[in-house]
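Student: Here it is, the structure, as structure tokens.
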Amino acid sequence: MRIAIEHRTRYRFTEPQARIVQLLRLTPCDTLDQTVVAWRIDVDRDARLRKSEDGYGNETTMLYAEGPLEELEVSVTGEVLTLASDGRVREAAEPLPPMFFLRTTQRTLPSAPLKAFARDAAGDTGAPLERLNRLNSVLHKRFRAVQPLRDQGVTVAEAFESKQVSARDVAQMFTAAARVLEIPARYVSGYRHAEGSATAPHAWAEAHVEGEGWIAFDPSAGACADERYVRAAVALDASQAAPIAGHRVGAGEERLDVDVQVERLGGDA
């Protein structure tokens, strides 16, 4: 599938900012099933962009903009060619061993109710892949109405008790629940082609199954990720794989507007 992506993030400030520094995790990397045909990051102000790679193997871009700045827009445009892979992640950069992703973070520390849910949902019989599929399905049934909520640093314990969750929240819950089952798992940020217009980047999870490798699960859809997904960054939790993170020097408040368009193009061959 040939997928076109437009992702615009606009910041408006109530008072001019002296300086803005941001870490962008907006650039997908090539894998066996994902080829970046074209990708471009633009900023509507004079800014310095410096590309690098983080410890997870994600391609990153540091953005430095000097003020005074009353607003700032970061725009991404690109095309990616994807293949069907039954959720399997093949030939991705893997600088860390799978066992590293058994680690918990402050945001993915499971509560007692979430631990019990994970064990009940997955069951105690069947192969690891079968148990993960059950977990994915049951988690989807519990949290069907995901919303494009702004990241407020919600933990998995808080999200599990909430009635308003995002794809980010359920992806983190799947990650934490898989680790409860002693299966390495990680959070994924990226894009998904779906009917209607998206308003935010998407999120899902990957779990490592012995003999199978990394497999992508989307609990917001109740299925494995397929050729409609474009994988941008992986990490232990949502904060470490956030599309944009950083800080600003200046007083006042900010207003954030995000618009994402993901379209399927013709000529997929």
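By order of appearance in the structure tokens: chains A, B, ..., then residues from 1 within every chain, and ligands from 1 in the order shown.
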If we count only C-alpha atoms and set the cut-off at 9 Å, which residues sit around region 239-246 of chain A, ignoring sequence neighbours fewer than 6 positions away in its own chain? Please answer as JSON, numbers by chain.
Tutor: {"A": [20, 21, 22, 23, 24, 25, 26, 27, 58, 107, 151, 153, 187, 188, 189, 190, 201, 232, 233]}
Student: Provide the CA of Gln17 (chain A) to CA of Pro148 (chain A) distance in Å, to one decimal place.
Tutor: 27.3 Å
Student: With a cut-off of 8 Å, could you pull out the residues of region 53-164 of chain A touching region 217-224 of chain A and give me the nearest pair of atoms for each, distance in Å to one decimal, using only C-alpha atoms, ordered by chain and ascending number, as CSV?
Tutor:
residue,atom,partner,partner_atom,distance
A:Asp86,CA,A:Cys224,CA,6.8
A:Gly87,CA,A:Cys224,CA,5.1
A:Asn133,CA,A:Ala223,CA,7.8
A:Asn136,CA,A:Pro219,CA,5.1
A:Ser137,CA,A:Gly222,CA,4.8
A:Val138,CA,A:Gly222,CA,7.9
A:Leu139,CA,A:Pro219,CA,6.1
A:His140,CA,A:Gly222,CA,5.0
A:Lys141,CA,A:Gly222,CA,7.7
A:Phe143,CA,A:Ser220,CA,7.3
A:Arg144,CA,A:Ser220,CA,6.7
A:Val146,CA,A:Ser220,CA,6.7
Student: From the set A:Ala127, A:Ala216, A:Ala93, A:Leu109, which residue has the shortest atom-to-atom contact distance to Phe160 (chain A), counting only C-alpha atoms?
Tutor: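 With only C-alpha atoms as the atom set, the closest residue is A:Leu109.
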Student: Please list as a list in words every residue within 7 Å of Asp44 (chain A), counting only C-alpha atoms and excluding residues in the same chain fewer than 5 positions away.
Tutor: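 The contact residues come out as Leu72, Glu73 and Val74 of chain A.
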Student: Take the residues from that selection and write them out as a short mmCIF file (atom, residue, chain, number, x, y, z; two decimals), in the first residue's frame, keeping N, CA, C and O atoms.
Tutor:
data_model
loop_
_atom_site.label_atom_id
_atom_site.label_comp_id
_atom_site.auth_asym_id
_atom_site.auth_seq_id
_atom_site.Cartn_x
_atom_site.Cartn_y
_atom_site.Cartn_z
N LEU A 72 4.61 28.92 16.05
CA LEU A 72 5.55 28.03 15.36
C LEU A 72 4.77 26.87 14.76
O LEU A 72 3.91 26.28 15.43
N GLU A 73 5.06 26.55 13.50
CA GLU A 73 4.41 25.40 12.86
C GLU A 73 5.46 24.44 12.33
O GLU A 73 6.39 24.84 11.63
N VAL A 74 5.30 23.17 12.71
CA VAL A 74 6.14 22.10 12.20
C VAL A 74 5.26 21.24 11.30
O VAL A 74 4.21 20.75 11.72
#
Student: Based on DSSP run over this structure's backbone, return all residues of region 69-228 of chain A in strand (DSSP E or B), as an mmCIF file with all heavy atoms, in the first residue's frame.
Tutor:
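Contents of the output file part-v1.cif:
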data_model
loop_
_atom_site.group_PDB
_atom_site.id
_atom_site.type_symbol
_atom_site.label_atom_id
_atom_site.label_comp_id
_atom_site.auth_asym_id
_atom_site.auth_seq_id
_atom_site.Cartn_x
_atom_site.Cartn_y
_atom_site.Cartn_z
ATOM 1 N N LEU A 69 9.219 34.509 19.367
ATOM 2 C CA LEU A 69 8.307 33.663 18.601
ATOM 3 C C LEU A 69 6.913 33.741 19.210
ATOM 4 O O LEU A 69 6.723 33.416 20.379
ATOM 5 C CB LEU A 69 8.790 32.212 18.627
ATOM 6 C CG LEU A 69 10.128 31.915 17.953
ATOM 7 C CD1 LEU A 69 10.627 30.535 18.361
ATOM 8 C CD2 LEU A 69 9.988 31.995 16.445
ATOM 9 N N GLU A 70 5.957 34.165 18.406
ATOM 10 C CA GLU A 70 4.566 34.181 18.848
ATOM 11 C C GLU A 70 3.832 32.923 18.423
ATOM 12 O O GLU A 70 2.790 32.577 18.977
ATOM 13 C CB GLU A 70 3.852 35.418 18.309
ATOM 14 C CG GLU A 70 4.412 36.722 18.867
ATOM 15 C CD GLU A 70 3.645 37.927 18.392
ATOM 16 O OE1 GLU A 70 2.728 37.756 17.546
ATOM 17 O OE2 GLU A 70 3.938 39.044 18.857
ATOM 18 N N GLU A 71 4.357 32.254 17.408
ATOM 19 C CA GLU A 71 3.796 30.975 16.970
ATOM 20 C C GLU A 71 4.858 30.203 16.209
ATOM 21 O O GLU A 71 5.878 30.754 15.787
ATOM 22 C CB GLU A 71 2.552 31.176 16.107
ATOM 23 C CG GLU A 71 2.761 32.003 14.857
ATOM 24 C CD GLU A 71 1.465 32.194 14.087
ATOM 25 O OE1 GLU A 71 0.453 32.593 14.691
ATOM 26 O OE2 GLU A 71 1.482 31.937 12.868
ATOM 27 N N LEU A 72 4.606 28.919 16.048
ATOM 28 C CA LEU A 72 5.549 28.028 15.362
ATOM 29 C C LEU A 72 4.769 26.871 14.760
ATOM 30 O O LEU A 72 3.913 26.284 15.428
ATOM 31 C CB LEU A 72 6.594 27.492 16.337
ATOM 32 C CG LEU A 72 7.621 26.504 15.770
ATOM 33 C CD1 LEU A 72 8.649 27.250 14.924
ATOM 34 C CD2 LEU A 72 8.331 25.741 16.886
ATOM 35 N N GLU A 73 5.061 26.551 13.503
ATOM 36 C CA GLU A 73 4.406 25.402 12.863
ATOM 37 C C GLU A 73 5.457 24.439 12.331
ATOM 38 O O GLU A 73 6.390 24.843 11.632
ATOM 39 C CB GLU A 73 3.496 25.842 11.713
ATOM 40 C CG GLU A 73 2.789 24.658 11.050
ATOM 41 C CD GLU A 73 1.796 25.070 9.982
ATOM 42 O OE1 GLU A 73 0.728 25.597 10.347
ATOM 43 O OE2 GLU A 73 2.100 24.860 8.790
ATOM 44 N N VAL A 74 5.295 23.172 12.708
ATOM 45 C CA VAL A 74 6.137 22.096 12.195
ATOM 46 C C VAL A 74 5.264 21.238 11.295
ATOM 47 O O VAL A 74 4.206 20.755 11.720
ATOM 48 C CB VAL A 74 6.710 21.233 13.336
ATOM 49 C CG1 VAL A 74 7.574 20.114 12.776
ATOM 50 C CG2 VAL A 74 7.512 22.089 14.301
ATOM 51 N N SER A 75 5.681 21.056 10.058
ATOM 52 C CA SER A 75 4.876 20.263 9.116
ATOM 53 C C SER A 75 5.708 19.118 8.553
ATOM 54 O O SER A 75 6.903 19.266 8.283
ATOM 55 C CB SER A 75 4.356 21.148 7.976
ATOM 56 O OG SER A 75 5.419 21.718 7.240
ATOM 57 N N VAL A 76 5.043 17.994 8.415
ATOM 58 C CA VAL A 76 5.660 16.791 7.868
ATOM 59 C C VAL A 76 4.860 16.353 6.654
ATOM 60 O O VAL A 76 3.621 16.293 6.702
ATOM 61 C CB VAL A 76 5.676 15.655 8.904
ATOM 62 C CG1 VAL A 76 6.099 14.344 8.261
ATOM 63 C CG2 VAL A 76 6.602 15.993 10.050
ATOM 64 N N THR A 77 5.521 16.058 5.569
ATOM 65 C CA THR A 77 4.872 15.478 4.400
ATOM 66 C C THR A 77 5.732 14.322 3.919
ATOM 67 O O THR A 77 6.960 14.392 3.955
ATOM 68 C CB THR A 77 4.716 16.501 3.263
ATOM 69 O OG1 THR A 77 6.004 17.064 2.943
ATOM 70 C CG2 THR A 77 3.768 17.615 3.663
ATOM 71 N N GLY A 78 5.069 13.252 3.496
ATOM 72 C CA GLY A 78 5.841 12.108 3.028
ATOM 73 C C GLY A 78 4.994 11.023 2.420
ATOM 74 O O GLY A 78 3.751 11.055 2.488
ATOM 75 N N GLU A 79 5.674 10.071 1.820
ATOM 76 C CA GLU A 79 5.032 8.887 1.257
ATOM 77 C C GLU A 79 5.793 7.652 1.709
ATOM 78 O O GLU A 79 7.027 7.645 1.753
ATOM 79 C CB GLU A 79 5.007 8.933 -0.269
ATOM 80 C CG GLU A 79 4.151 10.038 -0.850
ATOM 81 C CD GLU A 79 4.139 10.011 -2.360
ATOM 82 O OE1 GLU A 79 4.527 8.976 -2.953
ATOM 83 O OE2 GLU A 79 3.758 11.033 -2.965
ATOM 84 N N VAL A 80 5.046 6.609 2.053
ATOM 85 C CA VAL A 80 5.633 5.361 2.525
ATOM 86 C C VAL A 80 4.953 4.206 1.816
ATOM 87 O O VAL A 80 3.717 4.182 1.672
ATOM 88 C CB VAL A 80 5.481 5.211 4.054
ATOM 89 C CG1 VAL A 80 6.102 3.903 4.530
ATOM 90 C CG2 VAL A 80 6.121 6.389 4.767
ATOM 91 N N LEU A 81 5.740 3.242 1.374
ATOM 92 C CA LEU A 81 5.222 2.033 0.739
ATOM 93 C C LEU A 81 5.263 0.900 1.757
ATOM 94 O O LEU A 81 6.320 0.612 2.325
ATOM 95 C CB LEU A 81 6.065 1.668 -0.488
ATOM 96 C CG LEU A 81 5.568 0.508 -1.351
ATOM 97 C CD1 LEU A 81 4.221 0.835 -1.975
ATOM 98 C CD2 LEU A 81 6.594 0.187 -2.436
ATOM 99 N N THR A 82 4.125 0.271 2.011
ATOM 100 C CA THR A 82 4.042 -0.789 3.020
ATOM 101 C C THR A 82 3.585 -2.101 2.400
ATOM 102 O O THR A 82 2.917 -2.125 1.361
ATOM 103 C CB THR A 82 3.067 -0.396 4.142
ATOM 104 O OG1 THR A 82 1.744 -0.247 3.595
ATOM 105 C CG2 THR A 82 3.492 0.901 4.806
ATOM 106 N N ARG A 88 3.893 -8.833 11.730
ATOM 107 C CA ARG A 88 5.299 -9.089 12.028
ATOM 108 C C ARG A 88 6.171 -7.921 11.599
ATOM 109 O O ARG A 88 5.986 -7.368 10.517
ATOM 110 C CB ARG A 88 5.755 -10.389 11.363
ATOM 111 C CG ARG A 88 5.257 -11.611 12.110
ATOM 112 C CD ARG A 88 5.261 -12.879 11.275
ATOM 113 N NE ARG A 88 4.867 -14.029 12.088
ATOM 114 C CZ ARG A 88 3.605 -14.294 12.439
ATOM 115 N NH1 ARG A 88 2.635 -13.486 12.055
ATOM 116 N NH2 ARG A 88 3.322 -15.359 13.173
ATOM 117 N N VAL A 146 -12.093 4.956 21.816
ATOM 118 C CA VAL A 146 -10.872 5.742 22.012
ATOM 119 C C VAL A 146 -11.054 7.119 21.392
ATOM 120 O O VAL A 146 -11.788 7.293 20.411
ATOM 121 C CB VAL A 146 -9.640 5.036 21.418
ATOM 122 C CG1 VAL A 146 -9.399 3.705 22.103
ATOM 123 C CG2 VAL A 146 -9.794 4.840 19.924
ATOM 124 N N VAL A 165 -10.338 7.346 27.154
ATOM 125 C CA VAL A 165 -8.976 6.915 26.857
ATOM 126 C C VAL A 165 -8.662 7.192 25.393
ATOM 127 O O VAL A 165 -9.559 7.334 24.559
ATOM 128 C CB VAL A 165 -8.761 5.417 27.166
ATOM 129 C CG1 VAL A 165 -8.963 5.123 28.635
ATOM 130 C CG2 VAL A 165 -9.678 4.558 26.308
ATOM 131 N N ALA A 185 7.550 -6.182 25.654
ATOM 132 C CA ALA A 185 6.613 -5.382 24.866
ATOM 133 C C ALA A 185 7.060 -3.931 24.862
ATOM 134 O O ALA A 185 7.726 -3.464 25.790
ATOM 135 C CB ALA A 185 5.202 -5.500 25.432
ATOM 136 N N ARG A 186 6.686 -3.212 23.805
ATOM 137 C CA ARG A 186 7.071 -1.807 23.678
ATOM 138 C C ARG A 186 5.957 -1.005 23.008
ATOM 139 O O ARG A 186 5.097 -1.540 22.318
ATOM 140 C CB ARG A 186 8.373 -1.683 22.873
ATOM 141 C CG ARG A 186 8.319 -2.244 21.458
ATOM 142 C CD ARG A 186 9.714 -2.403 20.897
ATOM 143 N NE ARG A 186 9.723 -2.909 19.523
ATOM 144 C CZ ARG A 186 10.816 -3.323 18.884
ATOM 145 N NH1 ARG A 186 11.992 -3.299 19.502
ATOM 146 N NH2 ARG A 186 10.755 -3.755 17.640
ATOM 147 N N TYR A 187 6.021 0.289 23.256
ATOM 148 C CA TYR A 187 5.041 1.240 22.728
ATOM 149 C C TYR A 187 5.504 1.710 21.347
ATOM 150 O O TYR A 187 6.705 1.894 21.116
ATOM 151 C CB TYR A 187 4.933 2.409 23.692
ATOM 152 C CG TYR A 187 4.031 3.533 23.256
ATOM 153 C CD1 TYR A 187 2.694 3.570 23.647
ATOM 154 C CD2 TYR A 187 4.522 4.568 22.475
ATOM 155 C CE1 TYR A 187 1.872 4.620 23.264
ATOM 156 C CE2 TYR A 187 3.705 5.622 22.088
ATOM 157 C CZ TYR A 187 2.384 5.637 22.487
ATOM 158 O OH TYR A 187 1.576 6.683 22.105
ATOM 159 N N VAL A 188 4.551 1.938 20.440
ATOM 160 C CA VAL A 188 4.871 2.382 19.085
ATOM 161 C C VAL A 188 4.045 3.622 18.743
ATOM 162 O O VAL A 188 2.831 3.653 18.985
ATOM 163 C CB VAL A 188 4.562 1.284 18.041
ATOM 164 C CG1 VAL A 188 5.047 1.718 16.654
ATOM 165 C CG2 VAL A 188 5.180 -0.049 18.436
ATOM 166 N N SER A 189 4.689 4.622 18.183
ATOM 167 C CA SER A 189 3.978 5.780 17.645
ATOM 168 C C SER A 189 4.151 5.803 16.136
ATOM 169 O O SER A 189 5.179 5.370 15.606
ATOM 170 C CB SER A 189 4.490 7.085 18.258
ATOM 171 O OG SER A 189 5.840 7.313 17.891
ATOM 172 N N GLY A 190 3.126 6.297 15.446
ATOM 173 C CA GLY A 190 3.190 6.344 13.996
ATOM 174 C C GLY A 190 1.878 6.822 13.413
ATOM 175 O O GLY A 190 1.186 7.660 13.996
ATOM 176 N N TYR A 191 1.516 6.261 12.269
ATOM 177 C CA TYR A 191 0.331 6.695 11.543
ATOM 178 C C TYR A 191 -0.454 5.482 11.060
ATOM 179 O O TYR A 191 0.111 4.414 10.820
ATOM 180 C CB TYR A 191 0.729 7.558 10.342
ATOM 181 C CG TYR A 191 1.581 8.743 10.720
ATOM 182 C CD1 TYR A 191 2.982 8.665 10.683
ATOM 183 C CD2 TYR A 191 1.001 9.937 11.135
ATOM 184 C CE1 TYR A 191 3.768 9.744 11.036
ATOM 185 C CE2 TYR A 191 1.788 11.024 11.497
ATOM 186 C CZ TYR A 191 3.170 10.928 11.442
ATOM 187 O OH TYR A 191 3.939 11.993 11.805
ATOM 188 N N ARG A 192 -1.770 5.672 10.903
ATOM 189 C CA ARG A 192 -2.627 4.600 10.397
ATOM 190 C C ARG A 192 -3.619 5.178 9.406
ATOM 191 O O ARG A 192 -4.238 6.207 9.668
ATOM 192 C CB ARG A 192 -3.389 3.933 11.542
ATOM 193 C CG ARG A 192 -4.319 2.810 11.077
ATOM 194 C CD ARG A 192 -5.123 2.218 12.210
ATOM 195 N NE ARG A 192 -6.074 3.186 12.764
ATOM 196 C CZ ARG A 192 -7.008 2.876 13.657
ATOM 197 N NH1 ARG A 192 -7.111 1.644 14.114
ATOM 198 N NH2 ARG A 192 -7.825 3.807 14.113
ATOM 199 N N HIS A 202 -1.131 8.049 15.452
ATOM 200 C CA HIS A 202 -1.706 6.852 16.055
ATOM 201 C C HIS A 202 -0.682 6.196 16.982
ATOM 202 O O HIS A 202 0.499 6.563 17.000
ATOM 203 C CB HIS A 202 -2.143 5.875 14.963
ATOM 204 C CG HIS A 202 -3.060 4.814 15.449
ATOM 205 N ND1 HIS A 202 -4.238 5.094 16.118
ATOM 206 C CD2 HIS A 202 -2.992 3.458 15.389
ATOM 207 C CE1 HIS A 202 -4.850 3.974 16.430
ATOM 208 N NE2 HIS A 202 -4.109 2.965 16.004
ATOM 209 N N ALA A 203 -1.151 5.227 17.766
ATOM 210 C CA ALA A 203 -0.277 4.498 18.682
ATOM 211 C C ALA A 203 -0.740 3.060 18.789
ATOM 212 O O ALA A 203 -1.939 2.779 18.772
ATOM 213 C CB ALA A 203 -0.291 5.152 20.064
ATOM 214 N N TRP A 204 0.210 2.154 18.904
ATOM 215 C CA TRP A 204 -0.083 0.738 19.110
ATOM 216 C C TRP A 204 1.081 0.118 19.879
ATOM 217 O O TRP A 204 1.842 0.832 20.514
ATOM 218 C CB TRP A 204 -0.370 0.025 17.782
ATOM 219 C CG TRP A 204 0.720 0.054 16.746
ATOM 220 C CD1 TRP A 204 1.628 -0.923 16.466
ATOM 221 C CD2 TRP A 204 0.979 1.119 15.799
ATOM 222 N NE1 TRP A 204 2.449 -0.537 15.419
ATOM 223 C CE2 TRP A 204 2.070 0.697 14.992
ATOM 224 C CE3 TRP A 204 0.411 2.360 15.565
ATOM 225 C CZ2 TRP A 204 2.589 1.491 13.972
ATOM 226 C CZ3 TRP A 204 0.934 3.167 14.543
ATOM 227 C CH2 TRP A 204 2.010 2.725 13.773
ATOM 228 N N ALA A 205 1.208 -1.178 19.879
ATOM 229 C CA ALA A 205 2.247 -1.836 20.674
ATOM 230 C C ALA A 205 2.857 -2.987 19.885
ATOM 231 O O ALA A 205 2.267 -3.475 18.918
ATOM 232 C CB ALA A 205 1.667 -2.353 21.991
ATOM 233 N N GLU A 206 4.039 -3.404 20.310
ATOM 234 C CA GLU A 206 4.689 -4.588 19.753
ATOM 235 C C GLU A 206 5.118 -5.494 20.890
ATOM 236 O O GLU A 206 5.577 -5.016 21.935
ATOM 237 C CB GLU A 206 5.914 -4.201 18.913
ATOM 238 C CG GLU A 206 5.560 -3.440 17.643
ATOM 239 C CD GLU A 206 6.762 -2.895 16.903
ATOM 240 O OE1 GLU A 206 7.909 -3.046 17.402
ATOM 241 O OE2 GLU A 206 6.563 -2.298 15.836
ATOM 242 N N ALA A 207 4.950 -6.785 20.699
ATOM 243 C CA ALA A 207 5.366 -7.776 21.691
ATOM 244 C C ALA A 207 6.302 -8.773 21.020
ATOM 245 O O ALA A 207 6.111 -9.125 19.848
ATOM 246 C CB ALA A 207 4.152 -8.490 22.284
ATOM 247 N N HIS A 208 7.299 -9.235 21.774
ATOM 248 C CA HIS A 208 8.272 -10.164 21.215
ATOM 249 C C HIS A 208 7.896 -11.587 21.593
ATOM 250 O O HIS A 208 7.824 -11.945 22.773
ATOM 251 C CB HIS A 208 9.681 -9.855 21.715
ATOM 252 C CG HIS A 208 10.739 -10.620 20.984
ATOM 253 N ND1 HIS A 208 11.175 -11.870 21.391
ATOM 254 C CD2 HIS A 208 11.418 -10.325 19.851
ATOM 255 C CE1 HIS A 208 12.086 -12.298 20.560
ATOM 256 N NE2 HIS A 208 12.264 -11.393 19.616
ATOM 257 N N VAL A 209 7.656 -12.407 20.563
ATOM 258 C CA VAL A 209 7.272 -13.807 20.755
ATOM 259 C C VAL A 209 8.433 -14.692 20.325
ATOM 260 O O VAL A 209 8.943 -14.564 19.203
ATOM 261 C CB VAL A 209 6.012 -14.142 19.927
ATOM 262 C CG1 VAL A 209 5.630 -15.605 20.109
ATOM 263 C CG2 VAL A 209 4.858 -13.225 20.336
ATOM 264 N N GLY A 213 9.504 -13.419 16.634
ATOM 265 C CA GLY A 213 10.013 -12.059 16.561
ATOM 266 C C GLY A 213 9.004 -11.049 17.089
ATOM 267 O O GLY A 213 8.064 -11.393 17.807
ATOM 268 N N TRP A 214 9.197 -9.793 16.710
ATOM 269 C CA TRP A 214 8.299 -8.723 17.152
ATOM 270 C C TRP A 214 7.018 -8.727 16.320
ATOM 271 O O TRP A 214 7.069 -8.802 15.089
ATOM 272 C CB TRP A 214 8.977 -7.361 17.022
ATOM 273 C CG TRP A 214 10.042 -7.133 18.059
ATOM 274 C CD1 TRP A 214 11.393 -7.247 17.887
ATOM 275 C CD2 TRP A 214 9.826 -6.743 19.422
ATOM 276 N NE1 TRP A 214 12.038 -6.965 19.066
ATOM 277 C CE2 TRP A 214 11.111 -6.642 20.021
ATOM 278 C CE3 TRP A 214 8.707 -6.470 20.189
ATOM 279 C CZ2 TRP A 214 11.281 -6.288 21.350
ATOM 280 C CZ3 TRP A 214 8.868 -6.112 21.516
ATOM 281 C CH2 TRP A 214 10.145 -6.014 22.089
ATOM 282 N N ILE A 215 5.893 -8.628 17.008
ATOM 283 C CA ILE A 215 4.581 -8.617 16.349
ATOM 284 C C ILE A 215 3.811 -7.406 16.861
ATOM 285 O O ILE A 215 3.779 -7.134 18.065
ATOM 286 C CB ILE A 215 3.801 -9.913 16.617
ATOM 287 C CG1 ILE A 215 4.606 -11.108 16.073
ATOM 288 C CG2 ILE A 215 2.413 -9.865 15.986
ATOM 289 C CD1 ILE A 215 3.970 -12.449 16.343
ATOM 290 N N ALA A 216 3.180 -6.675 15.934
ATOM 291 C CA ALA A 216 2.486 -5.433 16.268
ATOM 292 C C ALA A 216 1.002 -5.697 16.526
ATOM 293 O O ALA A 216 0.310 -6.314 15.707
ATOM 294 C CB ALA A 216 2.650 -4.435 15.127
ATOM 295 N N PHE A 217 0.523 -5.201 17.669
ATOM 296 C CA PHE A 217 -0.879 -5.330 18.073
ATOM 297 C C PHE A 217 -1.464 -3.936 18.275
ATOM 298 O O PHE A 217 -0.839 -3.080 18.901
ATOM 299 C CB PHE A 217 -1.008 -6.113 19.385
ATOM 300 C CG PHE A 217 -0.510 -7.526 19.319
ATOM 301 C CD1 PHE A 217 0.831 -7.821 19.558
ATOM 302 C CD2 PHE A 217 -1.382 -8.570 19.032
ATOM 303 C CE1 PHE A 217 1.290 -9.132 19.511
ATOM 304 C CE2 PHE A 217 -0.925 -9.879 18.981
ATOM 305 C CZ PHE A 217 0.414 -10.165 19.218
ATOM 306 N N ASP A 218 -2.676 -3.740 17.767
ATOM 307 C CA ASP A 218 -3.371 -2.474 17.969
ATOM 308 C C ASP A 218 -4.628 -2.721 18.792
ATOM 309 O O ASP A 218 -5.678 -3.085 18.242
ATOM 310 C CB ASP A 218 -3.739 -1.827 16.638
ATOM 311 C CG ASP A 218 -4.384 -0.458 16.824
ATOM 312 O OD1 ASP A 218 -4.573 -0.046 17.983
ATOM 313 O OD2 ASP A 218 -4.695 0.192 15.813
ATOM 314 N N ALA A 223 -6.888 -5.797 16.650
ATOM 315 C CA ALA A 223 -6.268 -6.628 15.610
ATOM 316 C C ALA A 223 -4.782 -6.333 15.552
ATOM 317 O O ALA A 223 -4.281 -5.395 16.200
ATOM 318 C CB ALA A 223 -6.910 -6.348 14.257
ATOM 319 N N CYS A 224 -4.066 -7.136 14.778
ATOM 320 C CA CYS A 224 -2.656 -6.857 14.544
ATOM 321 C C CYS A 224 -2.524 -5.714 13.542
ATOM 322 O O CYS A 224 -3.395 -5.513 12.685
ATOM 323 C CB CYS A 224 -1.944 -8.101 14.012
ATOM 324 S SG CYS A 224 -1.656 -9.387 15.259
#
Student: Excluding Met173 (chain A) and any residue of its chain fewer than 4 positions from it, enumerate the residues within 9 Å of it, using only C-alpha atoms, and give them as a compact mmCIF listing (two decimals) with all heavy atoms, in the first residue's frame.
Tutor:
# COMPACT_ATOMS: atom_id res chain seq x y z
N THR A 108 4.07 3.04 32.94
CA THR A 108 3.58 1.70 32.60
C THR A 108 3.60 0.75 33.80
O THR A 108 3.51 -0.46 33.62
CB THR A 108 4.40 1.09 31.45
OG1 THR A 108 5.79 1.03 31.83
CG2 THR A 108 4.27 1.91 30.19
N PRO A 110 2.00 -1.34 36.30
CA PRO A 110 0.61 -1.83 36.36
C PRO A 110 0.07 -1.85 37.78
O PRO A 110 0.78 -2.16 38.73
CB PRO A 110 0.72 -3.24 35.79
CG PRO A 110 2.11 -3.68 36.13
CD PRO A 110 2.96 -2.43 36.04
N LEU A 114 -5.08 -4.06 36.94
CA LEU A 114 -4.59 -4.28 35.58
C LEU A 114 -3.85 -5.61 35.49
O LEU A 114 -3.97 -6.33 34.48
CB LEU A 114 -3.69 -3.13 35.15
CG LEU A 114 -3.10 -3.23 33.72
CD1 LEU A 114 -4.19 -3.44 32.68
CD2 LEU A 114 -2.27 -1.99 33.40
N LEU A 139 -8.95 -6.37 25.55
CA LEU A 139 -8.65 -4.98 25.85
C LEU A 139 -9.45 -4.07 24.91
O LEU A 139 -9.98 -3.02 25.32
CB LEU A 139 -7.15 -4.72 25.70
CG LEU A 139 -6.60 -3.39 26.23
CD1 LEU A 139 -6.94 -3.19 27.70
CD2 LEU A 139 -5.10 -3.32 26.02
N THR A 155 -0.94 7.59 33.47
CA THR A 155 -0.32 6.29 33.66
C THR A 155 -1.31 5.18 33.26
O THR A 155 -2.52 5.41 33.14
CB THR A 155 0.09 6.07 35.12
OG1 THR A 155 -1.11 5.99 35.93
CG2 THR A 155 0.96 7.22 35.61
N VAL A 156 -0.80 3.96 33.12
CA VAL A 156 -1.69 2.85 32.75
C VAL A 156 -2.68 2.55 33.87
O VAL A 156 -3.82 2.15 33.62
CB VAL A 156 -0.89 1.59 32.38
CG1 VAL A 156 -0.08 1.81 31.12
CG2 VAL A 156 0.00 1.13 33.52
N ALA A 157 -2.25 2.73 35.11
CA ALA A 157 -3.15 2.49 36.25
C ALA A 157 -4.31 3.48 36.22
O ALA A 157 -5.46 3.11 36.46
CB ALA A 157 -2.37 2.60 37.56
N ALA A 159 -5.38 5.20 33.49
CA ALA A 159 -6.18 4.98 32.28
C ALA A 159 -7.09 3.78 32.41
O ALA A 159 -8.22 3.79 31.90
CB ALA A 159 -5.25 4.80 31.08
N PHE A 160 -6.63 2.74 33.10
CA PHE A 160 -7.43 1.52 33.24
C PHE A 160 -8.73 1.78 33.98
O PHE A 160 -9.73 1.10 33.76
CB PHE A 160 -6.61 0.45 33.96
CG PHE A 160 -7.27 -0.90 33.99
CD1 PHE A 160 -7.41 -1.65 32.83
CD2 PHE A 160 -7.77 -1.43 35.16
CE1 PHE A 160 -8.03 -2.90 32.85
CE2 PHE A 160 -8.39 -2.67 35.19
CZ PHE A 160 -8.51 -3.41 34.03
N ARG A 168 -3.27 6.02 22.54
CA ARG A 168 -2.03 6.03 23.32
C ARG A 168 -2.20 5.28 24.64
O ARG A 168 -1.35 4.47 25.04
CB ARG A 168 -1.63 7.48 23.60
CG ARG A 168 -0.43 7.67 24.48
CD ARG A 168 -0.29 9.11 24.97
NE ARG A 168 -0.64 10.08 23.96
CZ ARG A 168 -1.77 10.79 23.98
NH1 ARG A 168 -2.64 10.66 24.97
NH2 ARG A 168 -2.03 11.66 23.03
N ASP A 169 -3.32 5.53 25.32
CA ASP A 169 -3.57 4.89 26.62
C ASP A 169 -3.70 3.38 26.49
O ASP A 169 -3.11 2.63 27.28
CB ASP A 169 -4.83 5.47 27.26
CG ASP A 169 -4.70 6.94 27.61
OD1 ASP A 169 -3.60 7.35 28.02
OD2 ASP A 169 -5.69 7.67 27.45
N ALA A 177 0.46 -4.84 30.21
CA ALA A 177 -0.16 -6.14 30.44
C ALA A 177 0.70 -7.27 29.89
O ALA A 177 0.83 -8.33 30.51
CB ALA A 177 -1.55 -6.17 29.80
N ALA A 178 1.30 -7.08 28.71
CA ALA A 178 2.18 -8.11 28.15
C ALA A 178 3.37 -8.36 29.06
O ALA A 178 3.80 -9.51 29.25
CB ALA A 178 2.63 -7.70 26.75
N PRO A 219 -4.58 -2.53 20.10
CA PRO A 219 -5.76 -2.79 20.93
C PRO A 219 -6.90 -1.81 20.68
O PRO A 219 -8.05 -2.10 21.01
CB PRO A 219 -5.22 -2.66 22.37
CG PRO A 219 -4.00 -1.83 22.24
CD PRO A 219 -3.41 -2.16 20.91
Student: Which residue gives the smallest distance to Ala225 (chain A) among A:Asp124, A:Asp33, A:Glu254, A:Glu182, with only C-alpha atoms counted?
Tutor: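 Residue with the minimum atom-to-atom distance to Ala225 (chain A): A:Asp33.
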